[in-house]
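Participant: The structure under discussion is supplied below as structure tokens; questions concerning it will follow.
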Amino acid sequence: MRQTGPYNEKVMDHFRNPRNAGELENPNGIGTAGNPVCGDIMEISIRIEDEVIKDVRFRTFGCGAAIATSSMVTELVKNKTIDEALAVSNRAVAEALGGLPPVKMHCSVLAEEALRSAIDDFRRRQGNS
Amino acid sequence: MNMKPIYLDHAATTPTAPEVVQAMLPYLEGTYGNASSLHSFGREAKAAVETARGRIASFMHARPEEIVFTSGGTESDNFIIKGIALSRKDRGNHIITSSIEHHAVLETCDFLRKQGFSVSFLPVDSNGLVNPDDVKKAMTNKTILITVMHGNNEIGTIEPIAEIGSIAREHGVAFHTDAVQTFGHVPIDVDELKVDCLSASAHKLHGPKGVGLAYIRAGTKITPLLHGGDQEKRRRASTLNVPGIVGFGRAVDLAGTEMHTESSRQSALRDRLMEGLLAEINDTRINGHPIRRLPNNANLSFAFVEGEGLLLSLDMEGIAVSTGSACTSSSLEPSHVLSAIGVPVELAHGSLRFTLGRDTTREDIERVLRVMPGIVHRLRAMSPLARKGAVS
Ligand code: FES
């Protein structure tokens, strides 16, 4: 894949036109993750109905790779079941983007963790209701 | 990208001036002699080197024999700091520096620390200034060298070099300044600055890459870094980079004629840029000293967003800037300079450095001012840190 600067075209596309950026109106799960390596932060809000992720949004304070992986993870899990979503690893996200520079692999961990934390939050809320 | 690219990263490097390229060409083509050779080829090369040396020396109010040509700023810093430390190690082992030096100085000091020297890294105030009183207080009877930069490469603050120089003189301690960012941009007089040693690099003033200088005041003993032949009065072995030195000389000529007009032209554009960004974008701060700063440097932090996203977005518009300093842009740590002036980590992450040059126009600055607000707002809209309502 063609490289422009540190990132390939697919990463740049997700940086330029992030999918599902922002906040959901009425989420039933919200998760955040902080990156211990660089201090960057990501937040995912989800709407789950019948075990399926009907809608998802993200907000990210982080580098280009963090924004692109956030965008990609929302695409990968939308309309997937919780189990399918939990099977999405940070590697899978990076691969779906056609790869990340080695120093930027840690950025993809944010996306995976924020997603898990949103699903945990959803389960917690279900347990309480 | 069909718009004219706008280069605002002159602190990283400058475009080589066409006049400099013209001056160098004969020494890359016909006049290829080794400046150490005794025959006519060598003498011709040597004459060109000495002409450049003379011009550069007079530009900084030094004597020609006090200039040692090197491969650039990093080598000059290494040569001077290690060379002074080694030559004075019988007198003491203590070095004083600041916490906002370029890595070429900080890493060299750290290397010496591991070799048994002790190093005091002085703090700076919120504008990035070293307090000369702190230098005085840090002084011990083991102090052999003070090294404090002239102009900071990230935030542009210009340090009180002459005041520190007076203190160094009172105590008989050698004083070095890294003038890589100021040389050719603000007037430099080694006597007024009271420095014993100074580093400069040609490519920061529209000269070629790979050539710099170490100024060593007459009478200052220094151990060489490079041993071998007896070039540069045995202070630096290695065949002289004749085309590079000639280009450096030409770049200094240009600086000599243009520096004053350019620095006022660039600082006016720089102020327009800083004030415009501050007025157009909420939650923005300027880093560095409001007045004592390099004429071409603007450094700002944009809250709630991260610098790389800003840089990539500007790059898509054909505008080249830097986050932190160029050498550290692949590192994930926030800039040591911004930490030293007390910028909180998250804010430091959202910092950009714009550095102007002789090719920067008013229209370039206006275009940056047109695109920046949209870029910041777009990134803030997807930032979890942005306060509701702050995204305007
Ligand atoms: S550097 Fe922090 S997420 Fe990429």
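Numbering starts fresh at 1 for the residues of each chain in the structure tokens, the chains themselves are lettered A, B, ... in the order given, and ligands are numbered from 1 as they appear.
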Write out as a PyMOL selection string all residues of chain A that DSSP puts in strand (DSSP E) for this structure's backbone.

Facilitator: chain A and resi 3-4+7-8+29-34+41-49+52-61

Participant: List as a ChimeraX atom specification the protein and nucleic acid residues near segment 34-48 of chain A, meaning an atom at most 9 Å away when only C-alpha atoms are counted, but skip any in the same chain fewer than 6 places from it.

Facilitator: /A:22-24,26-28,54-63,66-67,70,74,81-82,106-107,109-111,113-115,117-119,122 /B:306,332-334,345-346,349,383-385

Participant: How about saving the chosen residues, N, CA and C atoms kept, as a compact mmCIF listing (two decimals), in the first residue's frame?

Facilitator:
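Dumped everything to again04.txt:
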# COMPACT_ATOMS: atom_id res chain seq x y z
N GLY A 22 -17.81 11.10 17.39
CA GLY A 22 -18.76 11.87 18.20
C GLY A 22 -19.32 11.03 19.34
N GLU A 23 -20.52 11.44 19.81
CA GLU A 23 -21.13 10.79 20.95
C GLU A 23 -22.53 10.31 20.56
N LEU A 24 -22.97 9.18 21.13
CA LEU A 24 -24.34 8.71 20.89
C LEU A 24 -25.31 9.51 21.76
N ASN A 26 -28.23 8.34 23.10
CA ASN A 26 -28.62 7.55 24.26
C ASN A 26 -27.91 6.20 24.29
N PRO A 27 -26.67 6.22 24.67
CA PRO A 27 -25.91 4.98 24.70
C PRO A 27 -26.34 4.13 25.90
N ASN A 28 -26.11 2.83 25.81
CA ASN A 28 -26.29 2.03 27.02
C ASN A 28 -24.97 1.41 27.47
N LYS A 54 -25.88 -1.98 17.88
CA LYS A 54 -26.68 -1.30 16.86
C LYS A 54 -26.01 -0.01 16.41
N ASP A 55 -25.36 0.66 17.36
CA ASP A 55 -24.73 1.93 17.00
C ASP A 55 -23.51 2.15 17.90
N VAL A 56 -22.58 2.90 17.38
CA VAL A 56 -21.32 3.11 18.10
C VAL A 56 -20.70 4.43 17.66
N ARG A 57 -20.11 5.14 18.62
CA ARG A 57 -19.40 6.40 18.31
C ARG A 57 -18.10 6.45 19.12
N PHE A 58 -17.17 7.23 18.61
CA PHE A 58 -15.93 7.37 19.37
C PHE A 58 -15.53 8.83 19.47
N ARG A 59 -14.74 9.14 20.51
CA ARG A 59 -14.04 10.43 20.60
C ARG A 59 -12.62 10.11 21.06
N THR A 60 -11.65 10.71 20.39
CA THR A 60 -10.26 10.37 20.69
C THR A 60 -9.39 11.60 20.80
N PHE A 61 -8.58 11.64 21.85
CA PHE A 61 -7.50 12.62 21.97
C PHE A 61 -6.23 11.82 21.76
N GLY A 62 -5.71 11.89 20.56
CA GLY A 62 -4.52 11.09 20.28
C GLY A 62 -3.98 11.37 18.90
N CYS A 63 -2.96 10.62 18.54
CA CYS A 63 -2.28 10.85 17.27
C CYS A 63 -3.14 10.40 16.10
N ALA A 66 -4.21 6.82 16.36
CA ALA A 66 -5.25 6.60 17.35
C ALA A 66 -6.61 6.95 16.77
N ILE A 67 -6.69 8.04 16.02
CA ILE A 67 -7.96 8.44 15.41
C ILE A 67 -8.38 7.41 14.35
N SER A 70 -9.50 4.17 15.99
CA SER A 70 -10.82 4.38 16.62
C SER A 70 -11.90 4.25 15.56
N THR A 74 -14.83 1.08 15.15
CA THR A 74 -16.29 1.28 15.15
C THR A 74 -16.89 0.63 13.90
N THR A 81 -22.43 -8.96 16.92
CA THR A 81 -22.85 -9.37 18.26
C THR A 81 -21.73 -9.02 19.24
N ILE A 82 -22.08 -9.00 20.52
CA ILE A 82 -21.09 -8.69 21.54
C ILE A 82 -19.91 -9.66 21.44
N HIS A 106 1.19 0.57 19.51
CA HIS A 106 0.57 0.73 20.83
C HIS A 106 -0.71 1.56 20.76
N CYS A 107 -0.83 2.40 19.74
CA CYS A 107 -1.99 3.26 19.63
C CYS A 107 -3.26 2.44 19.39
N VAL A 109 -4.04 -0.28 20.67
CA VAL A 109 -4.50 -0.90 21.91
C VAL A 109 -5.64 -0.08 22.52
N LEU A 110 -5.55 1.23 22.36
CA LEU A 110 -6.60 2.13 22.88
C LEU A 110 -7.97 1.71 22.40
N ALA A 111 -8.07 1.46 21.10
CA ALA A 111 -9.36 1.15 20.51
C ALA A 111 -9.92 -0.13 21.11
N GLU A 113 -9.22 -1.52 23.95
CA GLU A 113 -9.55 -1.38 25.37
C GLU A 113 -10.79 -0.55 25.61
N ALA A 114 -10.94 0.51 24.84
CA ALA A 114 -12.11 1.36 25.02
C ALA A 114 -13.37 0.58 24.66
N LEU A 115 -13.28 -0.24 23.61
CA LEU A 115 -14.43 -1.05 23.21
C LEU A 115 -14.80 -2.04 24.32
N SER A 117 -14.15 -1.84 27.42
CA SER A 117 -14.66 -1.14 28.60
C SER A 117 -16.10 -0.68 28.38
N ALA A 118 -16.45 -0.34 27.14
CA ALA A 118 -17.84 0.04 26.85
C ALA A 118 -18.77 -1.17 26.99
N ILE A 119 -18.29 -2.32 26.53
CA ILE A 119 -19.11 -3.54 26.65
C ILE A 119 -19.27 -3.93 28.12
N PHE A 122 -21.83 -1.73 29.60
CA PHE A 122 -23.17 -2.18 29.19
C PHE A 122 -23.61 -3.34 30.09
N GLU B 306 -4.36 16.87 19.82
CA GLU B 306 -3.03 16.32 19.88
C GLU B 306 -2.27 16.81 18.66
N LEU B 332 7.46 9.72 21.95
CA LEU B 332 6.10 9.86 22.48
C LEU B 332 6.08 10.74 23.71
N GLU B 333 7.24 11.00 24.27
CA GLU B 333 7.32 11.85 25.44
C GLU B 333 6.97 13.28 25.04
N PRO B 334 6.26 13.99 25.91
CA PRO B 334 6.08 15.41 25.59
C PRO B 334 7.44 16.11 25.64
N VAL B 345 1.03 18.25 30.70
CA VAL B 345 1.30 17.23 29.69
C VAL B 345 0.29 17.25 28.54
N GLU B 346 -1.02 17.29 28.88
CA GLU B 346 -2.02 17.22 27.81
C GLU B 346 -1.93 18.40 26.86
N HIS B 349 0.99 18.15 24.56
CA HIS B 349 0.72 17.26 23.43
C HIS B 349 0.11 17.98 22.25
N SER B 383 -12.69 15.07 20.20
CA SER B 383 -11.84 14.85 21.37
C SER B 383 -12.67 14.68 22.64
N PRO B 384 -12.38 13.64 23.43
CA PRO B 384 -13.12 13.45 24.68
C PRO B 384 -12.73 14.49 25.73
N LEU B 385 -11.66 15.24 25.50
CA LEU B 385 -11.22 16.21 26.50
C LEU B 385 -11.93 17.55 26.35

Participant: DSSP on the backbone: which residues in segment 31-120 of chain A end up as helix (DSSP H, G or I)? Give the answer as an NGL selection string.

Facilitator: :A and (64-77 or 82-86 or 90-96 or 102-120)

Participant: Taking into account only C-alpha atoms, which residue in the set B:Val186, B:Ile84, B:Ala218, B:Leu300 is nearest to Arg63 of chain B?

Facilitator: B:Ala218

Participant: List the spatial neighbours of segment 21-33 of chain B as a PyMOL selection string - criterion: any atom at most 7 Å away, only C-alpha atoms, same-chain residues fewer than 3 positions off excluded.

Facilitator: chain B and resi 16-18+41-42+45+242-243+246-247+250

Participant: Output the selection as a CSV table (one decimal), in the first residue's frame - N, CA, C and O atoms for each residue.

Facilitator:
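The resulting out-v2.csv:
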chain,number,residue,atom,x,y,z
B,16,THR,N,18.3,25.9,0.9
B,16,THR,CA,19.6,26.5,0.6
B,16,THR,C,19.4,27.7,-0.4
B,16,THR,O,18.7,27.5,-1.4
B,17,ALA,N,20.0,28.8,0.0
B,17,ALA,CA,19.7,30.0,-0.9
B,17,ALA,C,20.4,29.8,-2.3
B,17,ALA,O,21.5,29.2,-2.3
B,18,PRO,N,19.7,30.3,-3.3
B,18,PRO,CA,20.3,30.1,-4.7
B,18,PRO,C,21.7,30.7,-4.8
B,18,PRO,O,22.6,30.1,-5.4
B,41,PHE,N,46.3,23.3,-6.8
B,41,PHE,CA,44.9,22.9,-6.5
B,41,PHE,C,44.5,23.1,-5.1
B,41,PHE,O,43.5,23.6,-4.7
B,42,GLY,N,45.5,22.6,-4.2
B,42,GLY,CA,45.2,22.7,-2.8
B,42,GLY,C,45.2,24.2,-2.4
B,42,GLY,O,44.4,24.6,-1.5
B,45,ALA,N,41.9,25.9,-3.1
B,45,ALA,CA,40.9,25.4,-2.1
B,45,ALA,C,41.1,26.1,-0.8
B,45,ALA,O,40.1,26.6,-0.1
B,242,VAL,N,35.4,21.7,1.6
B,242,VAL,CA,35.6,23.0,1.0
B,242,VAL,C,34.2,23.6,0.4
B,242,VAL,O,33.9,24.8,0.7
B,243,PRO,N,33.5,22.8,-0.4
B,243,PRO,CA,32.2,23.4,-0.9
B,243,PRO,C,31.3,23.9,0.2
B,243,PRO,O,30.7,24.9,0.2
B,246,VAL,N,32.6,27.1,1.8
B,246,VAL,CA,32.4,28.2,0.9
B,246,VAL,C,30.9,28.6,1.0
B,246,VAL,O,30.5,29.8,1.1
B,247,GLY,N,30.0,27.6,1.0
B,247,GLY,CA,28.6,27.9,1.0
B,247,GLY,C,28.2,28.6,2.4
B,247,GLY,O,27.4,29.5,2.4
B,250,ARG,N,29.1,32.1,2.2
B,250,ARG,CA,28.2,32.9,1.4
B,250,ARG,C,26.9,33.2,2.1
B,250,ARG,O,26.3,34.2,2.1

Participant: So how many Å separate atom CA of Arg217 of chain B and atom CA of Val195 of chain B, to one decimal?

Facilitator: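 Between atom CA of Arg217 of chain B and atom CA of Val195 of chain B the gap is 7.9 Å.
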
Participant: Can you pull out the residues contacting Gly98 of chain A? Cut-off 9 Å, using only C-alpha atoms, and skip same-chain residues under 6 positions away; I want them as a ChimeraX atom specification.

Facilitator: /A:1,8-11

Participant: For the selection just defined, write its residues with N, CA, C and O atoms to a file, as a PDB file, in the first residue's frame.

Facilitator:
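As a result, again_26.pdb now contains:
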ATOM      1  N   MET A   1       0.843  -1.197   0.000  1.00  0.00           N
ATOM      2  CA  MET A   1       0.000   0.000   0.000  1.00  0.00           C
ATOM      3  C   MET A   1       0.886   1.258   0.000  1.00  0.00           C
ATOM      4  O   MET A   1       1.952   1.262   0.603  1.00  0.00           O
ATOM      5  N   ASN A   8      -0.096   4.818   5.764  1.00  0.00           N
ATOM      6  CA  ASN A   8      -0.565   4.455   4.431  1.00  0.00           C
ATOM      7  C   ASN A   8      -1.874   5.188   4.114  1.00  0.00           C
ATOM      8  O   ASN A   8      -2.456   5.842   4.980  1.00  0.00           O
ATOM      9  N   GLU A   9      -2.339   5.044   2.866  1.00  0.00           N
ATOM     10  CA  GLU A   9      -3.515   5.786   2.400  1.00  0.00           C
ATOM     11  C   GLU A   9      -4.773   5.435   3.188  1.00  0.00           C
ATOM     12  O   GLU A   9      -5.620   6.282   3.436  1.00  0.00           O
ATOM     13  N   LYS A  10      -4.872   4.156   3.565  1.00  0.00           N
ATOM     14  CA  LYS A  10      -6.087   3.739   4.268  1.00  0.00           C
ATOM     15  C   LYS A  10      -6.162   4.397   5.656  1.00  0.00           C
ATOM     16  O   LYS A  10      -7.220   4.874   6.070  1.00  0.00           O
ATOM     17  N   VAL A  11      -5.015   4.450   6.334  1.00  0.00           N
ATOM     18  CA  VAL A  11      -4.977   5.111   7.640  1.00  0.00           C
ATOM     19  C   VAL A  11      -5.334   6.579   7.458  1.00  0.00           C
ATOM     20  O   VAL A  11      -6.157   7.141   8.194  1.00  0.00           O
TER      21      VAL A  11
END
